[in-house]
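J.: Pasting a structure here, questions to come.
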2 protein chains.
Amino acid sequence: MLETLTQHITNRLGKLPDNIDLVLPHFEAVITKRGDLLLQPGEVCKHVYFIVEGCLQVFVTDKNGNESTREFYIEDQWATDIFGFQNQIPSAEYIRCTEPCKLLRIHYESFQKLANVVPQFAAIYKQILEVSYNNTVYRVNTLTSMDALERIKWMMENKPKIMARLSSKLIASYLGISAETLTRLKSKI
Amino acid sequence: MLETLTQHITNRLGKLPDNIDLVLPHFEAVITKRGDLLLQPGEVCKHVYFIVEGCLQVFVTDKNGNESTREFYIEDQWATDIFGFQNQIPSAEYIRCTEPCKLLRIHYESFQKLANVVPQFAAIYKQILEVSYNNTVYRVNTLTSMDALERIKWMMENKPKIMARLSSKLIASYLGISAETLTRLKSKI
DNA sequence: CCCAACTCTTGATAAATGTCAAGAGTTTAA
DNA sequence: TTAAACTCTTGACATTTATCAAGAGTTGGG
């Protein structure tokens, strides 16, 4: 599994950093089942997860227990509750495996150490932070400026893999609509 | 105006950095009128703005021309379209002064130079990026998991200054509802 | 200081989306 | 392999929110 991570780092930096051996030992393999929870509200998020295989759903629940998905992460991506992680404060979110997963996780202390000691690691973190922020900004703008049908079309164009891979219920929870509305509107396209 | 920025930097770093004189000369004062646009969709965002006095609205428009506000920024905050700025690509957003403003702006080239040369500047940027990302994550979660009334209450508790300062129309555009709905629901609290 | 332009509120109505229910199809885990 | 648990779709209906309109109040730039 570490080869996947090595490849990911190489791709991001353009070359294999010579200090890669400082980085890899800090990662621990985790094998999960479908439905496993990696984080629950109130819990302090101790890890950042790199996805070798599988899919993670980051979500919250409302007063009625309905789930709203903030983001899905798949192969070659990183998932965590960044703010809770960086500040080591209780999270408001769940992280769940939507399918059996092969993950590599790095603990808070290791992460901070690498970020301070290995400039390439800090650089990758900054890259990911900027892209994540941008994605979330985009998401706010789609949620406030598009109706349900437009958001569905947006997702089909911009997240076709996610759209094809996950159940309607999960997709609907990402789009901020009910599963029934998703079914009905899809037939109008 | 530069004193305000100096104070801001001191507050964030805990002390006045000794290389502050490397930083300040890169900032240029901008005085605006109510309604002035600092950025329009399609334009490449060349500056980051520090608000000494006033309020900036970052928003998009939908197919009908309705405005959706992504964020309001007030005194002692920074505003820009970070992704468009960092990648120097055309923006999708507007930035507008909701009132006459006193701003300090820093140009893209200067910003990159300082981020590379002055570690404290890079640190503040990282801080702001993390907090901005967190705010936006929170915003996605409120937009998808709360109804209009809950979002209004959330805003009254979490953004009371913004709520008191801006018109209903602007508040509504931030909450993702019409101004009429805001009026009606406010009377139910 | 004044008036045109904006703002807030309220009503009537329309449109979008949610909720509940039920049946057929599909998947999963023992 | 099979039963139980999900999933998808559709219908009927309820609820939320938007839209359009109009009048009273407020404001800010000349």
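The chains in the structure tokens are called A, B, ... from first to last as shown; in each chain the residues are counted from 1, and the ligands are counted from 1 in the order shown.
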Write down as a PyMOL selection string the residues belonging to region 80-188 of chain B that are assigned strand (DSSP E or B) by DSSP computed on the backbone.
T.: chain B and resi 90+94-97+101-107
J.: At a cut-off of 12 Å, using only C-alpha atoms (C1' of nucleotides), what residues contact DC13 (chain D)? Leave out same-chain residues fewer than 5 positions from it and give the result as a PyMOL selection string.
T.: chain C and resi 18-21
J.: Pull C-alpha atoms (C1' of nucleotides) from the residues just selected and write them as an mmCIF file, in the first residue's frame.
T.:
```
data_model
loop_
_atom_site.group_PDB
_atom_site.id
_atom_site.type_symbol
_atom_site.label_atom_id
_atom_site.label_comp_id
_atom_site.auth_asym_id
_atom_site.auth_seq_id
_atom_site.Cartn_x
_atom_site.Cartn_y
_atom_site.Cartn_z
ATOM 1 C "C1'" DG C 18 -40.160 17.129 1.275
ATOM 2 C "C1'" DT C 19 -42.694 13.341 3.529
ATOM 3 C "C1'" DC C 20 -45.041 9.122 3.833
ATOM 4 C "C1'" DA C 21 -46.304 4.873 1.796
#
```
J.: Pick out the closest residue to Gln127 (chain A) from this set: A:Ile51, A:Leu114, A:Ile9, A:Val140. Count only C-alpha atoms.
T.: A:Ile9
J.: Can you list every residue of chain B that has an atom at most 10 Å from chain C, with its nearest atom pair and the distance in Å to one decimal, using only C-alpha atoms (C1' of nucleotides), ordered by chain then number, as JSON lines?
T.:
```
{"residue": "B:Ser167", "atom": "CA", "partner": "C:DT7", "partner_atom": "C1'", "distance": 7.9}
{"residue": "B:Ser168", "atom": "CA", "partner": "C:DT7", "partner_atom": "C1'", "distance": 8.2}
{"residue": "B:Lys169", "atom": "CA", "partner": "C:DT7", "partner_atom": "C1'", "distance": 8.5}
{"residue": "B:Ala179", "atom": "CA", "partner": "C:DC8", "partner_atom": "C1'", "distance": 9.2}
{"residue": "B:Glu180", "atom": "CA", "partner": "C:DT9", "partner_atom": "C1'", "distance": 8.1}
{"residue": "B:Thr183", "atom": "CA", "partner": "C:DT9", "partner_atom": "C1'", "distance": 7.2}
{"residue": "B:Arg184", "atom": "CA", "partner": "C:DT9", "partner_atom": "C1'", "distance": 8.4}
```
J.: Can those selected residues be exported to a file as an mmCIF file, in the first residue's frame so that it contains N, CA, C and O atoms?
T.:
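Wrote part14.cif, looks like this:
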```cif
data_model
loop_
_atom_site.group_PDB
_atom_site.id
_atom_site.type_symbol
_atom_site.label_atom_id
_atom_site.label_comp_id
_atom_site.auth_asym_id
_atom_site.auth_seq_id
_atom_site.Cartn_x
_atom_site.Cartn_y
_atom_site.Cartn_z
ATOM 1 N N SER B 167 -28.082 45.152 5.152
ATOM 2 C CA SER B 167 -29.505 45.142 4.794
ATOM 3 C C SER B 167 -30.045 43.720 4.728
ATOM 4 O O SER B 167 -29.296 42.768 4.519
ATOM 5 N N SER B 168 -31.356 43.623 4.883
ATOM 6 C CA SER B 168 -32.017 42.316 4.785
ATOM 7 C C SER B 168 -31.720 41.626 3.468
ATOM 8 O O SER B 168 -31.555 40.407 3.410
ATOM 9 N N LYS B 169 -31.685 42.417 2.433
ATOM 10 C CA LYS B 169 -31.441 41.843 1.118
ATOM 11 C C LYS B 169 -30.083 41.132 1.078
ATOM 12 O O LYS B 169 -29.971 40.014 0.568
ATOM 13 N N ALA B 179 -35.416 37.828 0.349
ATOM 14 C CA ALA B 179 -35.542 38.860 1.386
ATOM 15 C C ALA B 179 -36.913 38.773 2.056
ATOM 16 O O ALA B 179 -37.040 38.994 3.266
ATOM 17 N N GLU B 180 -37.945 38.438 1.304
ATOM 18 C CA GLU B 180 -39.296 38.331 1.866
ATOM 19 C C GLU B 180 -39.378 37.198 2.901
ATOM 20 O O GLU B 180 -39.971 37.363 3.963
ATOM 21 N N THR B 183 -37.787 38.331 6.137
ATOM 22 C CA THR B 183 -38.724 39.188 6.896
ATOM 23 C C THR B 183 -39.741 38.337 7.640
ATOM 24 O O THR B 183 -39.960 38.507 8.841
ATOM 25 N N ARG B 184 -40.374 37.430 6.915
ATOM 26 C CA ARG B 184 -41.448 36.624 7.508
ATOM 27 C C ARG B 184 -40.933 35.726 8.628
ATOM 28 O O ARG B 184 -41.544 35.632 9.695
#
```
J.: What are the residues of chain B that have an atom within 10 Å of an atom of chain A, counting only C-alpha atoms, as an MDAnalysis selection string?
T.: chainID B and resid 59:71 81:84 86 92:93 126 129:147 173:177
J.: Using only C-alpha atoms (C1' of nucleotides), find which residues of chain D lie within 10 Å of chain A and jot them down as a list in words.
T.: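 The answer, sorted by residue number, is DT7, DC8, DT9 and DT10 of chain D.
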J.: Take the selection from the previous step and output its residues with N, CA, C and O atoms (P, O5', C5', C4', C3', O3' and C1' of nucleotides), as a PDB file, in the first residue's frame.
T.:
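Contents of part-v1.pdb, as written:
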```pdb
ATOM      1  P    DT D   7     -29.030   1.562   0.962  1.00  0.00           P
ATOM      2  O5'  DT D   7     -29.519   1.489  -0.549  1.00  0.00           O
ATOM      3  C5'  DT D   7     -29.526   0.282  -1.259  1.00  0.00           C
ATOM      4  C4'  DT D   7     -30.306   0.469  -2.554  1.00  0.00           C
ATOM      5  C3'  DT D   7     -30.631   1.910  -2.927  1.00  0.00           C
ATOM      6  O3'  DT D   7     -30.179   2.103  -4.256  1.00  0.00           O
ATOM      7  C1'  DT D   7     -32.581   0.568  -2.973  1.00  0.00           C
ATOM      8  P    DC D   8     -30.201   3.516  -5.008  1.00  0.00           P
ATOM      9  O5'  DC D   8     -31.514   3.441  -5.900  1.00  0.00           O
ATOM     10  C5'  DC D   8     -31.606   2.444  -6.899  1.00  0.00           C
ATOM     11  C4'  DC D   8     -33.030   2.413  -7.413  1.00  0.00           C
ATOM     12  C3'  DC D   8     -33.547   3.780  -7.875  1.00  0.00           C
ATOM     13  O3'  DC D   8     -33.823   3.674  -9.264  1.00  0.00           O
ATOM     14  C1'  DC D   8     -35.134   2.626  -6.510  1.00  0.00           C
ATOM     15  P    DT D   9     -34.215   4.966 -10.125  1.00  0.00           P
ATOM     16  O5'  DT D   9     -35.803   4.940 -10.051  1.00  0.00           O
ATOM     17  C5'  DT D   9     -36.480   3.777 -10.526  1.00  0.00           C
ATOM     18  C4'  DT D   9     -37.926   3.844 -10.104  1.00  0.00           C
ATOM     19  C3'  DT D   9     -38.647   5.142 -10.465  1.00  0.00           C
ATOM     20  O3'  DT D   9     -39.556   4.846 -11.503  1.00  0.00           O
ATOM     21  C1'  DT D   9     -39.221   4.362  -8.293  1.00  0.00           C
ATOM     22  P    DT D  10     -40.313   5.982 -12.340  1.00  0.00           P
ATOM     23  O5'  DT D  10     -41.696   6.134 -11.572  1.00  0.00           O
ATOM     24  C5'  DT D  10     -42.481   4.966 -11.306  1.00  0.00           C
ATOM     25  C4'  DT D  10     -43.593   5.336 -10.357  1.00  0.00           C
ATOM     26  C3'  DT D  10     -44.205   6.723 -10.600  1.00  0.00           C
ATOM     27  O3'  DT D  10     -45.534   6.529 -11.065  1.00  0.00           O
ATOM     28  C1'  DT D  10     -43.823   6.293  -8.277  1.00  0.00           C
TER      29       DT D  10
END
```
J.: Among chain B, which ones does DSSP place in alpha helix (DSSP H), written as a ChimeraX atom specification?
T.: /B:2-13,20-23,82-87,108-117,119-145,148-158,160-165,168-175,179-186
J.: Selected residues, C-alpha atoms, written as a PDB file, in the first residue's frame, please.
T.:
```pdb
ATOM      1  CA  LEU B   2      -0.726  50.953   8.091  1.00  0.00           C
ATOM      2  CA  GLU B   3      -0.873  51.050  11.908  1.00  0.00           C
ATOM      3  CA  THR B   4      -4.054  48.945  11.746  1.00  0.00           C
ATOM      4  CA  LEU B   5      -2.265  46.360   9.638  1.00  0.00           C
ATOM      5  CA  THR B   6       0.755  46.405  11.947  1.00  0.00           C
ATOM      6  CA  GLN B   7      -1.513  45.813  14.911  1.00  0.00           C
ATOM      7  CA  HIS B   8      -3.274  42.978  13.060  1.00  0.00           C
ATOM      8  CA  ILE B   9       0.029  41.255  12.332  1.00  0.00           C
ATOM      9  CA  THR B  10       1.238  41.739  15.900  1.00  0.00           C
ATOM     10  CA  ASN B  11      -1.966  40.247  17.280  1.00  0.00           C
ATOM     11  CA  ARG B  12      -1.690  37.212  15.056  1.00  0.00           C
ATOM     12  CA  LEU B  13       1.957  36.508  15.737  1.00  0.00           C
ATOM     13  CA  ILE B  20       7.889  44.194   9.510  1.00  0.00           C
ATOM     14  CA  ASP B  21       9.574  46.811   7.302  1.00  0.00           C
ATOM     15  CA  LEU B  22       9.934  44.215   4.593  1.00  0.00           C
ATOM     16  CA  VAL B  23       6.179  43.761   4.615  1.00  0.00           C
ATOM     17  CA  ILE B  82      -7.989  32.746  -3.057  1.00  0.00           C
ATOM     18  CA  PHE B  83      -8.041  30.106  -5.748  1.00  0.00           C
ATOM     19  CA  GLY B  84      -8.254  32.523  -8.653  1.00  0.00           C
ATOM     20  CA  PHE B  85      -5.611  34.662  -6.987  1.00  0.00           C
ATOM     21  CA  GLN B  86      -3.152  31.841  -6.299  1.00  0.00           C
ATOM     22  CA  ASN B  87      -3.504  30.389  -9.766  1.00  0.00           C
ATOM     23  CA  TYR B 108       0.072  39.064  -6.483  1.00  0.00           C
ATOM     24  CA  GLU B 109       3.820  39.368  -7.122  1.00  0.00           C
ATOM     25  CA  SER B 110       4.455  41.015  -3.769  1.00  0.00           C
ATOM     26  CA  PHE B 111       2.334  38.453  -1.992  1.00  0.00           C
ATOM     27  CA  GLN B 112       4.246  35.505  -3.446  1.00  0.00           C
ATOM     28  CA  LYS B 113       7.546  37.154  -2.722  1.00  0.00           C
ATOM     29  CA  LEU B 114       6.680  37.795   0.910  1.00  0.00           C
ATOM     30  CA  ALA B 115       5.241  34.298   1.346  1.00  0.00           C
ATOM     31  CA  ASN B 116       8.582  32.879   0.200  1.00  0.00           C
ATOM     32  CA  VAL B 117      10.879  35.303   1.987  1.00  0.00           C
ATOM     33  CA  PRO B 119       8.160  33.036   7.255  1.00  0.00           C
ATOM     34  CA  GLN B 120       5.793  35.037   9.489  1.00  0.00           C
ATOM     35  CA  PHE B 121       3.889  36.179   6.446  1.00  0.00           C
ATOM     36  CA  ALA B 122       3.566  32.586   5.235  1.00  0.00           C
ATOM     37  CA  ALA B 123       2.408  31.575   8.708  1.00  0.00           C
ATOM     38  CA  ILE B 124      -0.350  34.192   8.758  1.00  0.00           C
ATOM     39  CA  TYR B 125      -1.435  33.103   5.312  1.00  0.00           C
ATOM     40  CA  LYS B 126      -1.668  29.488   6.486  1.00  0.00           C
ATOM     41  CA  GLN B 127      -3.654  30.548   9.561  1.00  0.00           C
ATOM     42  CA  ILE B 128      -6.100  32.500   7.427  1.00  0.00           C
ATOM     43  CA  LEU B 129      -6.409  29.691   4.930  1.00  0.00           C
ATOM     44  CA  GLU B 130      -7.258  27.172   7.645  1.00  0.00           C
ATOM     45  CA  VAL B 131      -9.802  29.408   9.331  1.00  0.00           C
ATOM     46  CA  SER B 132     -11.373  30.338   5.986  1.00  0.00           C
ATOM     47  CA  TYR B 133     -11.603  26.715   5.006  1.00  0.00           C
ATOM     48  CA  ASN B 134     -13.196  25.828   8.302  1.00  0.00           C
ATOM     49  CA  ASN B 135     -15.731  28.642   8.003  1.00  0.00           C
ATOM     50  CA  THR B 136     -16.649  27.487   4.538  1.00  0.00           C
ATOM     51  CA  VAL B 137     -17.012  23.877   5.671  1.00  0.00           C
ATOM     52  CA  TYR B 138     -19.315  25.075   8.414  1.00  0.00           C
ATOM     53  CA  ARG B 139     -21.264  27.030   5.875  1.00  0.00           C
ATOM     54  CA  VAL B 140     -21.764  23.998   3.620  1.00  0.00           C
ATOM     55  CA  ASN B 141     -23.009  22.041   6.602  1.00  0.00           C
ATOM     56  CA  THR B 142     -25.486  24.740   7.639  1.00  0.00           C
ATOM     57  CA  LEU B 143     -26.736  25.146   4.076  1.00  0.00           C
ATOM     58  CA  THR B 144     -27.420  21.444   3.625  1.00  0.00           C
ATOM     59  CA  SER B 145     -28.554  20.458   7.103  1.00  0.00           C
ATOM     60  CA  ALA B 148     -34.258  28.707   6.557  1.00  0.00           C
ATOM     61  CA  LEU B 149     -35.346  29.454  10.125  1.00  0.00           C
ATOM     62  CA  GLU B 150     -32.498  27.481  11.645  1.00  0.00           C
ATOM     63  CA  ARG B 151     -30.001  29.246   9.392  1.00  0.00           C
ATOM     64  CA  ILE B 152     -31.330  32.634  10.487  1.00  0.00           C
ATOM     65  CA  LYS B 153     -30.957  31.680  14.142  1.00  0.00           C
ATOM     66  CA  TRP B 154     -27.495  30.329  13.428  1.00  0.00           C
ATOM     67  CA  MET B 155     -26.497  33.602  11.854  1.00  0.00           C
ATOM     68  CA  MET B 156     -27.908  35.686  14.682  1.00  0.00           C
ATOM     69  CA  GLU B 157     -25.837  33.698  17.148  1.00  0.00           C
ATOM     70  CA  ASN B 158     -22.679  33.387  15.103  1.00  0.00           C
ATOM     71  CA  PRO B 160     -24.468  39.158  15.085  1.00  0.00           C
ATOM     72  CA  LYS B 161     -22.302  42.048  13.849  1.00  0.00           C
ATOM     73  CA  ILE B 162     -22.907  41.208  10.199  1.00  0.00           C
ATOM     74  CA  MET B 163     -26.590  40.690  10.890  1.00  0.00           C
ATOM     75  CA  ALA B 164     -26.932  44.125  12.498  1.00  0.00           C
ATOM     76  CA  ARG B 165     -24.819  45.936   9.955  1.00  0.00           C
ATOM     77  CA  SER B 168     -32.017  42.316   4.785  1.00  0.00           C
ATOM     78  CA  LYS B 169     -31.441  41.843   1.118  1.00  0.00           C
ATOM     79  CA  LEU B 170     -27.743  41.174   1.670  1.00  0.00           C
ATOM     80  CA  ILE B 171     -28.355  38.949   4.682  1.00  0.00           C
ATOM     81  CA  ALA B 172     -30.890  36.953   2.690  1.00  0.00           C
ATOM     82  CA  SER B 173     -28.418  36.518  -0.162  1.00  0.00           C
ATOM     83  CA  TYR B 174     -25.982  35.041   2.357  1.00  0.00           C
ATOM     84  CA  LEU B 175     -28.558  32.696   3.853  1.00  0.00           C
ATOM     85  CA  ALA B 179     -35.542  38.860   1.386  1.00  0.00           C
ATOM     86  CA  GLU B 180     -39.296  38.331   1.866  1.00  0.00           C
ATOM     87  CA  THR B 181     -38.771  34.948   3.494  1.00  0.00           C
ATOM     88  CA  LEU B 182     -36.225  36.504   5.825  1.00  0.00           C
ATOM     89  CA  THR B 183     -38.724  39.188   6.896  1.00  0.00           C
ATOM     90  CA  ARG B 184     -41.448  36.624   7.508  1.00  0.00           C
ATOM     91  CA  LEU B 185     -39.329  34.137   9.402  1.00  0.00           C
ATOM     92  CA  LYS B 186     -37.673  36.760  11.594  1.00  0.00           C
TER      93      LYS B 186
END
```
J.: Quick one: distance from CA of Arg96 (chain A) to CA of Phe72 (chain A) in Å, one decimal?
T.: 9.7 Å
